[in-house]
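Note sheet for the following structure.
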Amino acid sequence: MQSGRNVAVYGAYGHTGRFVVAELRERGYVPLLLGRDQDKLVALVEAHPGLEARQASVDDPASLDRALNGATAVINCAGPFASTAGPLVEAALRAGIPYVDVAAEIEANVDTFAHFGERARAAGTVVVPAMAFYGGLGDLLVATAMGDWTAADEAHIAYGLSSWHPTDGTLASGTVSGQRRGGRRVRFTGGRLEYHDDALPTLEWPFPAPLGPQSVIGEFTMADVVTVPSHLDIPEVRTYMTAKAAADLAAPDASAPTAVDERGRSAQTFVVDVLVRSGGTERRVSAAGQDIYAISAPLAVEAVDRILTGRTRTTGVASAGAAFDAPDFLRALSAYLSLHAPLDTRG
């Protein structure tokens, strides 16, 4: 194996994990294939001859230590992250290596910030939760839209998904989050997370062309309500989801994504439209691409590459927008995302 190029991927055989493994290989890294299911690891090695698989369980710290031996970083792709994030961060801290995950679970991300910030700073390492489509991309877009602002009154992140065929991991994580909330909903308002039982509103969101105006579910709250306020002074952070995608996710017969190209991506397309408002001025930036699970791979791998090459702004637990130069990070993903730069307008 190449010294200094070995990146452990926990949950490497999962839907997002496979995208991450492929992205690491394209970037010249050597993925270490980690997971608890030996049969799935064997099958993955058959698809990637020459790579090493290491069985490990979050219930067995010693197995995690062995699995991370020789790794320069770890990317956690295995949900529910309420179960996996804590043990993997602990193992990464013991190994003295950075940790990145693709968690969309709000409470799991809150836990990572709350429990590991001081220890990661003391160790001089970086822990980046939610480095994925939900949480990471929105945070990078908000930070880019903010520009030279140090504070704003509101941030709105609207997700324009053409459809949403959830993976088993998404459904399992959603179940765990729902149980942790006691079936309540969550929003970020007045500078804090608030749990509630209010019905979610339906409204129209003016997505940029070619998508155009779409019916969305308001307060369809995603991990951005953790990542954005972790480093930006914005007391109101609201997220929205196209009504069609929300219906797909909630359908009793929801089906998994189906590959339509050589990269394994589905036909799903997305637009993430961000609006920040300060006083009477608004700034807006958006990104468009294909497949919310596939885009999480270049997001996570670019993060690891920047950490390992010293292109970070802080240590400790940090969101994407805090850890990295957000506009530069987004430009680096031009092969995967089309961006519309922010403009100031009067509200």
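Ordering of the structure tokens sets the chain letters (A, B, ...); residue numbers start at 1 within each chain; ligands are numbered from 1 in the order shown.
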(message) Residues near Trp149 of chain A, anyone? I mean within 12 Å using only C-alpha atoms, not counting same-chain ones fewer than 6 positions away, as a count of residues only.
(response) 13
(request) Compile the contact shell of His115 of chain A as a ChimeraX atom specification: residues with an atom at most 12 Å away, counting only C-alpha atoms, same-chain residues fewer than 5 positions apart removed. (result) /A:85-87,89-90,107-110,120-121,127,316-317
(request) Please provide the set of residues having any atom within 10 Å of Gly70 of chain A, restricted to only C-alpha atoms, with same-chain residues fewer than 5 positions apart removed, written as an MDAnalysis selection string. (result) chainID A and resid 1 3:8 32 65 95 97
Keeping only C-alpha atoms, write the selected residues to a file as a compact mmCIF listing (two decimals), in the first residue's frame.
# COMPACT_ATOMS: atom_id res chain seq x y z
CA MET A 1 0.00 0.00 0.00
CA SER A 3 2.21 5.27 2.60
CA GLY A 4 0.10 8.31 3.45
CA ARG A 5 -2.57 7.54 0.86
CA ASN A 6 -4.64 4.99 2.77
CA VAL A 7 -8.11 6.26 3.65
CA ALA A 8 -10.41 4.00 5.64
CA LEU A 32 -9.28 0.53 3.17
CA ASP A 65 -8.34 0.25 16.24
CA ALA A 95 -5.45 6.78 16.00
CA ILE A 97 -6.31 10.81 12.29
(request) Pick out the residues sitting within 8 Å of Ala326 of chain A, and hand them over as a list in words; count only C-alpha atoms, and ignore anything fewer than 4 positions along from it in its own chain. (result)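 Near Ala326 of chain A, the qualifying residues are Leu140, Leu141, Ala143, Thr144, Ala320, Gly321 and Leu330 of chain A.
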(request) From the DSSP assignment of the backbone, select every residue of segment 50-293 of chain A that is strand (DSSP E), and format the answer as an NGL selection string. (result) :A and (52-55 or 73-76 or 99-101 or 126-128 or 154-161 or 185-189 or 192-196 or 202-206 or 213-218 or 236-242 or 269-278 or 281-290)
(request) Could you pull out the residues in segment 49-180 of chain A that DSSP calls helix (DSSP H, G or I) from the backbone, as a PyMOL selection string? (result) chain A and resi 61-67+81-95+106-123+133-146+168-180
(request) Compile the contact shell of Ser162 of chain A as a list of chain:residue names: residues with an atom at most 7 Å away, counting only C-alpha atoms, same-chain residues fewer than 3 positions apart removed. (result) A:Ala245, A:Gln268, A:Thr269, A:Phe270
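The nearest approach to Ile292 of chain A among the residues A:Arg313, A:Lys244, A:Arg66, A:Arg265, with only C-alpha atoms taken into account, belongs to A:Arg265.
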(request) Compile the contact shell of Gly183 of chain A as a list in words: residues with an atom at most 12 Å away, counting only C-alpha atoms, same-chain residues fewer than 2 positions apart removed. (result) Gly174, Thr175, Val176, Ser177, Gly178, Gln179, Arg180, Arg181, Arg185, Val186, Tyr195, His196, Asp197 and Asp198 of chain A
(message) Between atom CA of Asp39 of chain A and atom CA of His165 of chain A, what distance in Å does the model show, to one decimal?
(response) 25.6 Å
(request) Can you work out the spacing between atom CA of Met131 of chain A and atom CA of Tyr293 of chain A in Å, to one decimal? (result)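 Answer for the atom CA of Met131 of chain A to atom CA of Tyr293 of chain A separation: 11.7 Å.
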(message) Let me make sure I understand: among A:Pro201, A:Gly182, A:Gly136, A:Pro61, which one has the smallest atom-to-atom distance to Asp101 of chain A if we use only C-alpha atoms?
(response)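 Nearest to Asp101 of chain A: A:Gly136.
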(request) Name the closest residue to Pro166 of chain A among the candidates A:Leu249, A:Val274, A:Ala294, A:Val304; distances are taken between atoms, counting only C-alpha atoms. (result) A:Leu249
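Closest approach to Glu236 of chain A among A:His48, A:Arg187, A:Arg119, A:Arg306 is made by A:Arg187 (distances from only C-alpha atoms).
Residues within 8 Å of Thr167 of chain A, counting only C-alpha atoms and excluding same-chain residues fewer than 6 positions away, are A:His15, A:Ser255, A:Ala256, A:Pro257.
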Requested write-out: N, CA, C and O atoms of the selected residues, as a PDB file, in the first residue's frame:
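Generated file (selection_21.pdb):
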ATOM      1  N   HIS A  15     -24.469   1.971  -0.175  1.00  0.00           N
ATOM      2  CA  HIS A  15     -24.736   2.706  -1.419  1.00  0.00           C
ATOM      3  C   HIS A  15     -23.805   3.907  -1.572  1.00  0.00           C
ATOM      4  O   HIS A  15     -23.122   4.051  -2.596  1.00  0.00           O
ATOM      5  N   SER A 255     -38.854   3.006  -3.346  1.00  0.00           N
ATOM      6  CA  SER A 255     -37.855   2.112  -3.936  1.00  0.00           C
ATOM      7  C   SER A 255     -36.476   2.747  -3.896  1.00  0.00           C
ATOM      8  O   SER A 255     -36.329   3.966  -3.842  1.00  0.00           O
ATOM      9  N   ALA A 256     -35.452   1.908  -3.926  1.00  0.00           N
ATOM     10  CA  ALA A 256     -34.066   2.368  -3.877  1.00  0.00           C
ATOM     11  C   ALA A 256     -33.660   2.983  -5.208  1.00  0.00           C
ATOM     12  O   ALA A 256     -34.307   2.761  -6.242  1.00  0.00           O
ATOM     13  N   PRO A 257     -32.578   3.765  -5.239  1.00  0.00           N
ATOM     14  CA  PRO A 257     -32.118   4.368  -6.497  1.00  0.00           C
ATOM     15  C   PRO A 257     -31.687   3.301  -7.509  1.00  0.00           C
ATOM     16  O   PRO A 257     -31.185   2.237  -7.139  1.00  0.00           O
TER      17      PRO A 257
END
(message) Let me make sure I understand: among A:Ala251, A:Val100, A:Asp60, A:Leu88, which one has the smallest atom-to-atom distance to Ala300 of chain A if we use only C-alpha atoms?
(response) A:Val100
(message) From the options A:Ala158, A:Ala297, A:Cys77, A:Leu275, which residue's atoms come nearest to Glu219 of chain A, counting only C-alpha atoms?
(response)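 With only C-alpha atoms as the atom set, the closest residue is A:Ala158.
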(request) In Å, rounded to a single decimal, give me how far atom CA of Gln38 of chain A is from atom CA of Thr16 of chain A. (result)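 Straight-line distance from atom CA of Thr16 of chain A to atom CA of Gln38 of chain A works out to 18.1 Å.
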